[in-house]
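Participant: I have a structure I would like to understand better, so I am pasting it below and will then ask my questions one at a time.
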Amino acid sequence: MPSTLSKLADEIEALEARRFEGRVTGLSGALIEASGPMEALALGARATVHGHKPTQAEIVGFRGDRALLAPFDSIESIRPGMRVSLEGGAPYVRPTRSWLGRVINCFGEPVDGAGPLPQGLRPHEVRAAPPSAHGRARVGGRLDVGVRAMNIFSALCRGQRMGVFAGSGVGKSVLMSMLARGANADVIVIGLVGERGREVKEFIEDTLGEEGRARSVVVVATSDESAARRRLAPHMACAIAEHFRDEGLDVLLLIDSVTRFAMAQREIGLAVGEPPTTKGYTPSVFAELPKLLERAGPGREGEHGSITALFTVLVDGDDHNEPIADAVRGILDGHIVMERAIAERGRYPAINVLKSISRLMPMCHTVDENDLVRRARAMLSLYAEMEELIRIGAYKPGADPQVDEAVRVRPALEAVLTQQRDEQTSIKDGFAMLAEALT
């Protein structure tokens, strides 16, 4: 009986909220101005403009007693006087395990042509607030991601949040596919924000593959879609990840990229009238970033399940100190730096392990493993300092025993850091390779 009542309560909670009516009063750049009852004009509420084709939108600001709507669809046929339906409640999504293997848009609608998506009973708010800091569990044990460079030098704990910082074309998508196939997680949720339309199908079919897709839910908002859709997509991915976390599963959340989410928020902020600050980013960008990034992490105290997250940051002009990279780095629990120079010499994944750091790594590894990592870092760092002199022949072998040792072990360390896209290595095997490379 209690379970029946619980299901009934979930169904009642999932019912749509009341709808109110309004009218289009004008257009302001890419935004729609609309009037309506004051109780319905709430920031973040959804609206639908009924023209030749319904246009969905979201209230993003106000001008006097008029609401400013950011459209999810084209506004070419919008004209003053059109009827607007205003929804009083916040948007929800109802995922289930049958969503695994599916590709959806920012509204939770299927875009893979594989039929309709079954809807679960329990609604999840798309823009939910992160769990309370005091009510959250601690991070769990380390997560085996199958990538040697990360398992050894930038280890992740379950519930940790990391950033992947790289320029365009350095191999972020390939690294994400390696994680999706090799990570020891129950469910993978992938958010592709602002991706090129041509690359989405290639990523899903070729890069991700059947093995990775079978346990993944992919949320897509391509670069040609509106700023409102690109801003909503990562929140939808977080809501789906939270659903599986609440079921007691360990989730790996991959979002590519936070930079394009920030650009979408900047576009909307400038249209509303916010003042541009550093590199044109508006204040709301830096207010929205922690609201998104903090949603990942361990669940509530006493509950099983976690969200381990990797957020990619597309650094502008390979400048790792640009505003978004700087803000994200300060929020997350570590960062992985991918460099073009490493990719150009043919070592993939192009991770610079000396510039990458996991703030929780010391507690992830054993004492012996941490000693191996320190020795390897010392050898790589020493070689990097002397590389110029070695290349031009200014360093004479035998002048410094430590430098000689760094030169000797470097090829073996490079082999440990080099990994094929379809290759997977456990933490134990990775450290065995590292120990052998240092002997």
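Order determines the names: the first chain of the structure tokens is A, the second B, and so forth; residues in each chain are numbered 1 upward, and ligands are numbered 1 upward as they are shown.
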How would you write, as JSON, numbers by chain, the set of residues in segment 144-366 of chain A that DSSP gives as strand (DSSP E)?

Facilitator: {"A": [156, 157, 161, 162, 163, 164, 165, 166, 187, 188, 189, 190, 191, 192, 193, 194, 195, 216, 217, 218, 219, 220, 221, 222, 250, 251, 252, 253, 254, 255, 256, 297, 298, 306, 307, 308, 309, 310, 311, 312, 313, 314, 334, 335, 336, 337, 357, 358]}

Participant: For segment 370-381 of chain A, list every protein, DNA or RNA residue within 10 Å, evaluated using only C-alpha atoms, and leave out those in the same chain fewer than 6 positions away; present the list as an mmCIF file with N, CA and C atoms, in the first residue's frame.

Facilitator:
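Result file is around_29.cif:
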data_model
loop_
_atom_site.group_PDB
_atom_site.id
_atom_site.type_symbol
_atom_site.label_atom_id
_atom_site.label_comp_id
_atom_site.auth_asym_id
_atom_site.auth_seq_id
_atom_site.Cartn_x
_atom_site.Cartn_y
_atom_site.Cartn_z
ATOM 1 N N ILE A 152 47.516 7.566 -13.278
ATOM 2 C CA ILE A 152 48.770 7.675 -12.536
ATOM 3 C C ILE A 152 48.998 9.091 -12.016
ATOM 4 N N PHE A 153 48.902 10.083 -12.897
ATOM 5 C CA PHE A 153 49.324 11.441 -12.541
ATOM 6 C C PHE A 153 48.184 12.376 -12.147
ATOM 7 N N SER A 154 46.934 12.046 -12.506
ATOM 8 C CA SER A 154 45.794 12.916 -12.167
ATOM 9 C C SER A 154 44.614 12.045 -11.769
ATOM 10 N N VAL A 353 51.452 16.220 -18.058
ATOM 11 C CA VAL A 353 51.265 15.745 -16.685
ATOM 12 C C VAL A 353 51.915 16.668 -15.662
ATOM 13 N N LEU A 354 52.896 17.472 -16.078
ATOM 14 C CA LEU A 354 53.543 18.388 -15.140
ATOM 15 C C LEU A 354 52.640 19.578 -14.802
ATOM 16 N N MET A 361 44.440 13.626 -5.339
ATOM 17 C CA MET A 361 45.249 12.476 -5.720
ATOM 18 C C MET A 361 46.047 11.855 -4.564
ATOM 19 N N PRO A 362 46.649 12.626 -3.663
ATOM 20 C CA PRO A 362 47.419 11.977 -2.592
ATOM 21 C C PRO A 362 46.600 10.973 -1.790
ATOM 22 N N MET A 363 45.297 11.243 -1.608
ATOM 23 C CA MET A 363 44.471 10.316 -0.846
ATOM 24 C C MET A 363 43.969 9.163 -1.703
ATOM 25 N N CYS A 364 44.130 9.278 -3.026
ATOM 26 C CA CYS A 364 43.705 8.197 -3.925
ATOM 27 C C CYS A 364 44.729 7.069 -3.969
ATOM 28 N N GLU A 387 65.931 20.334 -21.620
ATOM 29 C CA GLU A 387 65.645 19.876 -22.987
ATOM 30 C C GLU A 387 66.346 20.714 -24.052
ATOM 31 N N GLN A 402 71.882 12.946 -12.314
ATOM 32 C CA GLN A 402 70.418 13.021 -12.307
ATOM 33 C C GLN A 402 69.880 13.332 -13.696
ATOM 34 N N VAL A 403 70.546 14.245 -14.405
ATOM 35 C CA VAL A 403 70.122 14.562 -15.774
ATOM 36 C C VAL A 403 70.328 13.340 -16.675
ATOM 37 N N ASP A 404 71.433 12.650 -16.483
ATOM 38 C CA ASP A 404 71.671 11.425 -17.259
ATOM 39 C C ASP A 404 70.549 10.410 -17.027
ATOM 40 N N GLU A 405 70.123 10.296 -15.782
ATOM 41 C CA GLU A 405 69.030 9.372 -15.452
ATOM 42 C C GLU A 405 67.732 9.810 -16.124
ATOM 43 N N ALA A 406 67.451 11.115 -16.121
ATOM 44 C CA ALA A 406 66.237 11.637 -16.759
ATOM 45 C C ALA A 406 66.243 11.376 -18.255
ATOM 46 N N VAL A 407 67.410 11.537 -18.888
ATOM 47 C CA VAL A 407 67.529 11.273 -20.326
ATOM 48 C C VAL A 407 67.322 9.784 -20.610
ATOM 49 N N ARG A 408 67.824 8.941 -19.717
ATOM 50 C CA ARG A 408 67.727 7.496 -19.937
ATOM 51 C C ARG A 408 66.291 6.984 -19.846
ATOM 52 N N VAL A 409 65.530 7.479 -18.855
ATOM 53 C CA VAL A 409 64.187 6.929 -18.629
ATOM 54 C C VAL A 409 63.113 7.656 -19.441
ATOM 55 N N ARG A 410 63.474 8.765 -20.084
ATOM 56 C CA ARG A 410 62.433 9.530 -20.776
ATOM 57 C C ARG A 410 61.706 8.734 -21.848
ATOM 58 N N LEU A 413 59.148 6.563 -20.185
ATOM 59 C CA LEU A 413 58.046 7.333 -19.611
ATOM 60 C C LEU A 413 57.099 7.847 -20.694
ATOM 61 N N GLU A 414 57.667 8.255 -21.832
ATOM 62 C CA GLU A 414 56.824 8.681 -22.948
ATOM 63 C C GLU A 414 55.955 7.522 -23.436
ATOM 64 N N PHE A 431 50.593 1.283 -13.076
ATOM 65 C CA PHE A 431 51.703 1.471 -12.137
ATOM 66 C C PHE A 431 52.802 0.437 -12.337
ATOM 67 N N LEU A 434 54.806 1.868 -15.063
ATOM 68 C CA LEU A 434 55.585 3.012 -14.586
ATOM 69 C C LEU A 434 56.804 2.530 -13.794
ATOM 70 N N ALA A 435 56.605 1.545 -12.926
ATOM 71 C CA ALA A 435 57.726 1.014 -12.138
ATOM 72 C C ALA A 435 58.805 0.427 -13.035
ATOM 73 N N ALA A 437 59.371 1.331 -16.149
ATOM 74 C CA ALA A 437 59.991 2.426 -16.890
ATOM 75 C C ALA A 437 61.055 3.139 -16.054
ATOM 76 N N LEU A 438 60.898 3.144 -14.742
ATOM 77 C CA LEU A 438 61.826 3.870 -13.868
ATOM 78 C C LEU A 438 63.007 3.005 -13.405
#

Participant: With DSSP run on the backbone, what are the alpha helix (DSSP H) residues within segment 76-238 of chain A? I'd like them as an NGL selection string.

Facilitator: :A and (148-153 or 172-182 or 197-202 or 209-213 or 227-238)

Participant: Within 7 Å of segment 257-269 of chain A, counting only C-alpha atoms, which residues show up once you throw out same-chain ones fewer than 5 positions away? Write them as a PDB file with N, CA and C atoms, in the first residue's frame, please.

Facilitator:
ATOM      1  N   LEU A 192      27.059  17.337 -25.110  1.00  0.00           N
ATOM      2  CA  LEU A 192      27.793  17.960 -26.226  1.00  0.00           C
ATOM      3  C   LEU A 192      27.172  19.328 -26.485  1.00  0.00           C
ATOM      4  N   VAL A 193      27.862  20.372 -26.066  1.00  0.00           N
ATOM      5  CA  VAL A 193      27.327  21.736 -26.112  1.00  0.00           C
ATOM      6  C   VAL A 193      28.064  22.533 -27.173  1.00  0.00           C
ATOM      7  N   GLY A 194      27.327  23.024 -28.165  1.00  0.00           N
ATOM      8  CA  GLY A 194      27.932  23.840 -29.207  1.00  0.00           C
ATOM      9  C   GLY A 194      28.809  23.074 -30.168  1.00  0.00           C
ATOM     10  N   ALA A 227      21.083  30.189 -28.490  1.00  0.00           N
ATOM     11  CA  ALA A 227      21.855  30.310 -27.245  1.00  0.00           C
ATOM     12  C   ALA A 227      21.090  29.709 -26.068  1.00  0.00           C
ATOM     13  N   ALA A 228      19.763  29.826 -26.072  1.00  0.00           N
ATOM     14  CA  ALA A 228      18.961  29.283 -24.977  1.00  0.00           C
ATOM     15  C   ALA A 228      19.090  27.763 -24.911  1.00  0.00           C
ATOM     16  N   ARG A 230      21.708  25.994 -26.082  1.00  0.00           N
ATOM     17  CA  ARG A 230      23.084  25.671 -25.681  1.00  0.00           C
ATOM     18  C   ARG A 230      23.307  25.916 -24.193  1.00  0.00           C
ATOM     19  N   ARG A 231      22.580  26.852 -23.626  1.00  0.00           N
ATOM     20  CA  ARG A 231      22.693  27.111 -22.196  1.00  0.00           C
ATOM     21  C   ARG A 231      21.959  26.045 -21.378  1.00  0.00           C
ATOM     22  N   GLU A 274      22.985  43.359 -19.868  1.00  0.00           N
ATOM     23  CA  GLU A 274      24.055  43.318 -18.877  1.00  0.00           C
ATOM     24  C   GLU A 274      25.313  44.002 -19.411  1.00  0.00           C
ATOM     25  N   TYR A 281      32.516  38.976 -21.419  1.00  0.00           N
ATOM     26  CA  TYR A 281      31.650  38.117 -20.609  1.00  0.00           C
ATOM     27  C   TYR A 281      30.895  38.966 -19.594  1.00  0.00           C
ATOM     28  N   THR A 282      29.613  38.648 -19.428  1.00  0.00           N
ATOM     29  CA  THR A 282      28.758  39.408 -18.517  1.00  0.00           C
ATOM     30  C   THR A 282      28.845  38.837 -17.100  1.00  0.00           C
ATOM     31  N   SER A 284      26.607  37.623 -15.230  1.00  0.00           N
ATOM     32  CA  SER A 284      25.790  36.422 -15.033  1.00  0.00           C
ATOM     33  C   SER A 284      26.538  35.151 -15.423  1.00  0.00           C
ATOM     34  N   VAL A 285      27.528  35.259 -16.322  1.00  0.00           N
ATOM     35  CA  VAL A 285      28.312  34.088 -16.715  1.00  0.00           C
ATOM     36  C   VAL A 285      29.024  33.511 -15.502  1.00  0.00           C
ATOM     37  N   PHE A 311      34.667  18.418 -17.010  1.00  0.00           N
ATOM     38  CA  PHE A 311      34.166  19.526 -17.811  1.00  0.00           C
ATOM     39  C   PHE A 311      35.301  20.026 -18.694  1.00  0.00           C
ATOM     40  N   THR A 312      35.109  20.011 -19.997  1.00  0.00           N
ATOM     41  CA  THR A 312      36.165  20.503 -20.881  1.00  0.00           C
ATOM     42  C   THR A 312      36.049  22.019 -21.027  1.00  0.00           C
ATOM     43  N   VAL A 313      37.195  22.653 -21.134  1.00  0.00           N
ATOM     44  CA  VAL A 313      37.276  24.102 -21.311  1.00  0.00           C
ATOM     45  C   VAL A 313      38.084  24.368 -22.576  1.00  0.00           C
ATOM     46  N   LEU A 314      37.457  25.003 -23.546  1.00  0.00           N
ATOM     47  CA  LEU A 314      38.116  25.329 -24.805  1.00  0.00           C
ATOM     48  C   LEU A 314      38.854  26.648 -24.622  1.00  0.00           C
ATOM     49  N   ILE A 324      37.315  32.392 -18.534  1.00  0.00           N
ATOM     50  CA  ILE A 324      36.521  31.203 -18.223  1.00  0.00           C
ATOM     51  C   ILE A 324      37.412  30.108 -17.640  1.00  0.00           C
TER      52      ILE A 324
END

Participant: Which neighbours of Gly44 of chain A fall inside 9 Å, counting only C-alpha atoms, when residues of the same chain fewer than 4 positions from it are skipped, and could you give them as a list of chain:residue names?

Facilitator: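 My reading of the contact set: A:Glu58, A:Ile59, A:Val60, A:Gly61, A:Ala90, A:Pro91.
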
Participant: Take the residues from that selection and write them out as a PDB file, in the first residue's frame, keeping N, CA and C atoms.

Facilitator:
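Saved as again.pdb:
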ATOM      1  N   GLU A  58      12.122  31.050 -22.997  1.00  0.00           N
ATOM      2  CA  GLU A  58      12.327  31.079 -21.545  1.00  0.00           C
ATOM      3  C   GLU A  58      12.466  32.525 -21.096  1.00  0.00           C
ATOM      4  N   ILE A  59      11.862  32.867 -19.957  1.00  0.00           N
ATOM      5  CA  ILE A  59      11.963  34.229 -19.429  1.00  0.00           C
ATOM      6  C   ILE A  59      13.357  34.422 -18.834  1.00  0.00           C
ATOM      7  N   VAL A  60      14.100  35.384 -19.382  1.00  0.00           N
ATOM      8  CA  VAL A  60      15.474  35.614 -18.942  1.00  0.00           C
ATOM      9  C   VAL A  60      15.685  36.997 -18.342  1.00  0.00           C
ATOM     10  N   GLY A  61      14.661  37.842 -18.379  1.00  0.00           N
ATOM     11  CA  GLY A  61      14.806  39.179 -17.818  1.00  0.00           C
ATOM     12  C   GLY A  61      13.523  39.970 -17.980  1.00  0.00           C
ATOM     13  N   ALA A  90       8.692  25.471 -12.728  1.00  0.00           N
ATOM     14  CA  ALA A  90      10.021  25.241 -13.300  1.00  0.00           C
ATOM     15  C   ALA A  90       9.993  23.984 -14.163  1.00  0.00           C
ATOM     16  N   PRO A  91      10.810  23.923 -15.216  1.00  0.00           N
ATOM     17  CA  PRO A  91      10.814  22.733 -16.090  1.00  0.00           C
ATOM     18  C   PRO A  91      11.386  21.503 -15.391  1.00  0.00           C
TER      19      PRO A  91
END

Participant: Excluding Ile78 of chain A and any residue of its chain fewer than 5 positions from it, enumerate the residues within 9 Å of it, using only C-alpha atoms, and give them as a PDB file with N, CA and C atoms, in the first residue's frame.

Facilitator:
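Ended up saving to out24.pdb:
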ATOM      1  N   VAL A  24       2.563  38.917 -27.221  1.00  0.00           N
ATOM      2  CA  VAL A  24       3.821  39.487 -27.696  1.00  0.00           C
ATOM      3  C   VAL A  24       3.636  40.981 -27.877  1.00  0.00           C
ATOM      4  N   GLY A  26       6.518  43.000 -28.663  1.00  0.00           N
ATOM      5  CA  GLY A  26       7.569  43.487 -29.555  1.00  0.00           C
ATOM      6  C   GLY A  26       8.778  42.569 -29.540  1.00  0.00           C
ATOM      7  N   LEU A  27       9.790  42.914 -30.353  1.00  0.00           N
ATOM      8  CA  LEU A  27      11.046  42.178 -30.422  1.00  0.00           C
ATOM      9  C   LEU A  27      12.181  43.120 -30.042  1.00  0.00           C
ATOM     10  N   ILE A  32      12.269  38.248 -27.302  1.00  0.00           N
ATOM     11  CA  ILE A  32      10.860  38.546 -27.513  1.00  0.00           C
ATOM     12  C   ILE A  32      10.337  39.250 -26.267  1.00  0.00           C
ATOM     13  N   VAL A  49       5.150  30.791 -27.762  1.00  0.00           N
ATOM     14  CA  VAL A  49       4.529  31.788 -28.630  1.00  0.00           C
ATOM     15  C   VAL A  49       3.790  31.042 -29.724  1.00  0.00           C
ATOM     16  N   HIS A  50       2.492  31.281 -29.844  1.00  0.00           N
ATOM     17  CA  HIS A  50       1.655  30.549 -30.800  1.00  0.00           C
ATOM     18  C   HIS A  50       1.535  31.353 -32.093  1.00  0.00           C
ATOM     19  N   GLY A  51       2.408  31.052 -33.041  1.00  0.00           N
ATOM     20  CA  GLY A  51       2.351  31.661 -34.359  1.00  0.00           C
ATOM     21  C   GLY A  51       2.019  30.613 -35.398  1.00  0.00           C
ATOM     22  N   HIS A  52       2.589  30.760 -36.601  1.00  0.00           N
ATOM     23  CA  HIS A  52       2.393  29.740 -37.624  1.00  0.00           C
ATOM     24  C   HIS A  52       2.954  28.410 -37.145  1.00  0.00           C
ATOM     25  N   THR A  55       6.652  28.529 -30.977  1.00  0.00           N
ATOM     26  CA  THR A  55       8.037  28.848 -30.634  1.00  0.00           C
ATOM     27  C   THR A  55       8.192  28.809 -29.124  1.00  0.00           C
TER      28      THR A  55
END

Participant: So, counting only C-alpha atoms, which residue among A:Val189, A:Ala350, A:Ala166, A:Ala155 is closest to Arg245 of chain A?

Facilitator: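 Nearest to Arg245 of chain A: A:Val189.
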
Participant: For Glu303 of chain A, which of A:Arg79, A:Arg136, A:Arg46, A:Lys53 is the closest residue, counting only C-alpha atoms?

Facilitator: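 Closest to Glu303 of chain A of all the choices is A:Arg136.
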
Participant: Looking at only C-alpha atoms, which of A:Glu423, A:Asp316, A:Asp429, A:Glu87 is the one that sits closest to Gln56 of chain A?

Facilitator: A:Glu87

Participant: Name the closest residue to Met338 of chain A among the candidates A:Ala47, A:Ala237, A:Ala149, A:Ala40; distances are taken between atoms, counting only C-alpha atoms.

Facilitator: A:Ala149

Participant: Name the closest residue to Ser216 of chain A among the candidates A:Ala183, A:Ala432, A:Ile342, A:Ala133; distances are taken between atoms, counting only C-alpha atoms.

Facilitator: A:Ala183

Participant: Tell me, as an mmCIF file with N, CA and C atoms, in the first residue's frame, which residues lie within 9 Å of Ala214 of chain A, counting only C-alpha atoms; anything in the same chain fewer than 5 positions away does not count.

Facilitator:
data_model
loop_
_atom_site.group_PDB
_atom_site.id
_atom_site.type_symbol
_atom_site.label_atom_id
_atom_site.label_comp_id
_atom_site.auth_asym_id
_atom_site.auth_seq_id
_atom_site.Cartn_x
_atom_site.Cartn_y
_atom_site.Cartn_z
ATOM 1 N N LEU A 100 19.272 4.818 -21.508
ATOM 2 C CA LEU A 100 20.653 4.452 -21.842
ATOM 3 C C LEU A 100 20.737 4.049 -23.314
ATOM 4 N N GLY A 101 21.757 4.557 -23.983
ATOM 5 C CA GLY A 101 21.932 4.294 -25.406
ATOM 6 C C GLY A 101 21.227 5.279 -26.309
ATOM 7 N N ARG A 102 20.556 6.275 -25.725
ATOM 8 C CA ARG A 102 19.769 7.223 -26.521
ATOM 9 C C ARG A 102 20.463 8.579 -26.622
ATOM 10 N N GLY A 209 31.373 4.723 -30.062
ATOM 11 C CA GLY A 209 31.236 3.300 -30.377
ATOM 12 C C GLY A 209 30.078 2.646 -29.638
#

Participant: Set the distance at 10 Å and use only C-alpha atoms: which residues neighbour Trp99 of chain A once local chain neighbours fewer than 3 positions away are removed? I'd like the list as a PDB file with N, CA and C atoms, in the first residue's frame.

Facilitator:
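This went into out21.pdb:
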ATOM      1  N   PRO A  95      13.670  11.001 -16.289  1.00  0.00           N
ATOM      2  CA  PRO A  95      14.465   9.958 -16.954  1.00  0.00           C
ATOM      3  C   PRO A  95      14.156   8.563 -16.389  1.00  0.00           C
ATOM      4  N   THR A  96      14.550   7.533 -17.130  1.00  0.00           N
ATOM      5  CA  THR A  96      14.513   6.147 -16.671  1.00  0.00           C
ATOM      6  C   THR A  96      15.761   5.448 -17.215  1.00  0.00           C
ATOM      7  N   ARG A 102      20.556   6.275 -25.725  1.00  0.00           N
ATOM      8  CA  ARG A 102      19.769   7.223 -26.521  1.00  0.00           C
ATOM      9  C   ARG A 102      20.463   8.579 -26.622  1.00  0.00           C
ATOM     10  N   VAL A 103      20.067   9.329 -27.651  1.00  0.00           N
ATOM     11  CA  VAL A 103      20.568  10.687 -27.883  1.00  0.00           C
ATOM     12  C   VAL A 103      19.377  11.618 -27.807  1.00  0.00           C
ATOM     13  N   ILE A 104      19.459  12.638 -26.957  1.00  0.00           N
ATOM     14  CA  ILE A 104      18.327  13.526 -26.743  1.00  0.00           C
ATOM     15  C   ILE A 104      18.767  14.983 -26.888  1.00  0.00           C
ATOM     16  N   GLY A 108      15.015  16.944 -23.366  1.00  0.00           N
ATOM     17  CA  GLY A 108      14.781  15.554 -23.033  1.00  0.00           C
ATOM     18  C   GLY A 108      13.991  14.827 -24.098  1.00  0.00           C
ATOM     19  N   PRO A 110      13.892  12.761 -27.826  1.00  0.00           N
ATOM     20  CA  PRO A 110      14.827  11.956 -28.627  1.00  0.00           C
ATOM     21  C   PRO A 110      15.122  12.606 -29.974  1.00  0.00           C
ATOM     22  N   LEU A 117      10.777   8.264 -26.077  1.00  0.00           N
ATOM     23  CA  LEU A 117      11.450   7.913 -24.830  1.00  0.00           C
ATOM     24  C   LEU A 117      10.416   7.606 -23.750  1.00  0.00           C
ATOM     25  N   PRO A 118      10.536   6.468 -23.074  1.00  0.00           N
ATOM     26  CA  PRO A 118       9.656   6.220 -21.921  1.00  0.00           C
ATOM     27  C   PRO A 118       9.915   7.253 -20.833  1.00  0.00           C
ATOM     28  N   GLN A 119       8.856   7.645 -20.145  1.00  0.00           N
ATOM     29  CA  GLN A 119       8.979   8.643 -19.093  1.00  0.00           C
ATOM     30  C   GLN A 119       8.874   7.992 -17.721  1.00  0.00           C
ATOM     31  N   GLY A 120       9.763   8.364 -16.824  1.00  0.00           N
ATOM     32  CA  GLY A 120       9.712   7.856 -15.468  1.00  0.00           C
ATOM     33  C   GLY A 120       8.668   8.581 -14.640  1.00  0.00           C
ATOM     34  N   ALA A 214      26.221   2.035 -25.208  1.00  0.00           N
ATOM     35  CA  ALA A 214      25.271   1.141 -24.541  1.00  0.00           C
ATOM     36  C   ALA A 214      24.987   1.563 -23.102  1.00  0.00           C
ATOM     37  N   ARG A 215      25.948   2.226 -22.461  1.00  0.00           N
ATOM     38  CA  ARG A 215      25.730   2.645 -21.066  1.00  0.00           C
ATOM     39  C   ARG A 215      25.732   4.159 -20.929  1.00  0.00           C
ATOM     40  N   SER A 216      25.428   4.848 -22.014  1.00  0.00           N
ATOM     41  CA  SER A 216      25.496   6.315 -22.023  1.00  0.00           C
ATOM     42  C   SER A 216      24.166   6.935 -22.413  1.00  0.00           C
ATOM     43  N   VAL A 217      23.965   8.143 -21.912  1.00  0.00           N
ATOM     44  CA  VAL A 217      22.914   9.027 -22.403  1.00  0.00           C
ATOM     45  C   VAL A 217      23.624  10.262 -22.939  1.00  0.00           C
ATOM     46  N   VAL A 218      23.350  10.633 -24.188  1.00  0.00           N
ATOM     47  CA  VAL A 218      24.024  11.761 -24.828  1.00  0.00           C
ATOM     48  C   VAL A 218      23.027  12.896 -25.011  1.00  0.00           C
ATOM     49  N   ILE A 240      19.867  14.516 -15.583  1.00  0.00           N
ATOM     50  CA  ILE A 240      19.845  13.078 -15.866  1.00  0.00           C
ATOM     51  C   ILE A 240      20.866  12.356 -14.990  1.00  0.00           C
TER      52      ILE A 240
END

Participant: How many Å separate atom CA of Arg345 of chain A from atom CA of Phe203 of chain A?

Facilitator: 23.9 Å

Participant: May I ask for the distance between atom CA of Ile331 of chain A and atom CA of Val367 of chain A, given in Å to one decimal place?

Facilitator: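 Taking atom CA of Ile331 of chain A and atom CA of Val367 of chain A, their separation equals 27.7 Å.
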
Participant: Restrict the calculation to only C-alpha atoms, then for each residue of segment 87-187 of chain A with any atom at most 12 Å from an atom of segment 65-74 of chain A give the closest atom pair and their distance in Å to one decimal, rows by chain and rising residue number, as JSON lines.

Facilitator:
{"residue": "A:Asn105", "atom": "CA", "partner": "A:Phe72", "partner_atom": "CA", "distance": 11.5}
{"residue": "A:Cys106", "atom": "CA", "partner": "A:Phe72", "partner_atom": "CA", "distance": 9.7}
{"residue": "A:Phe107", "atom": "CA", "partner": "A:Phe72", "partner_atom": "CA", "distance": 10.0}
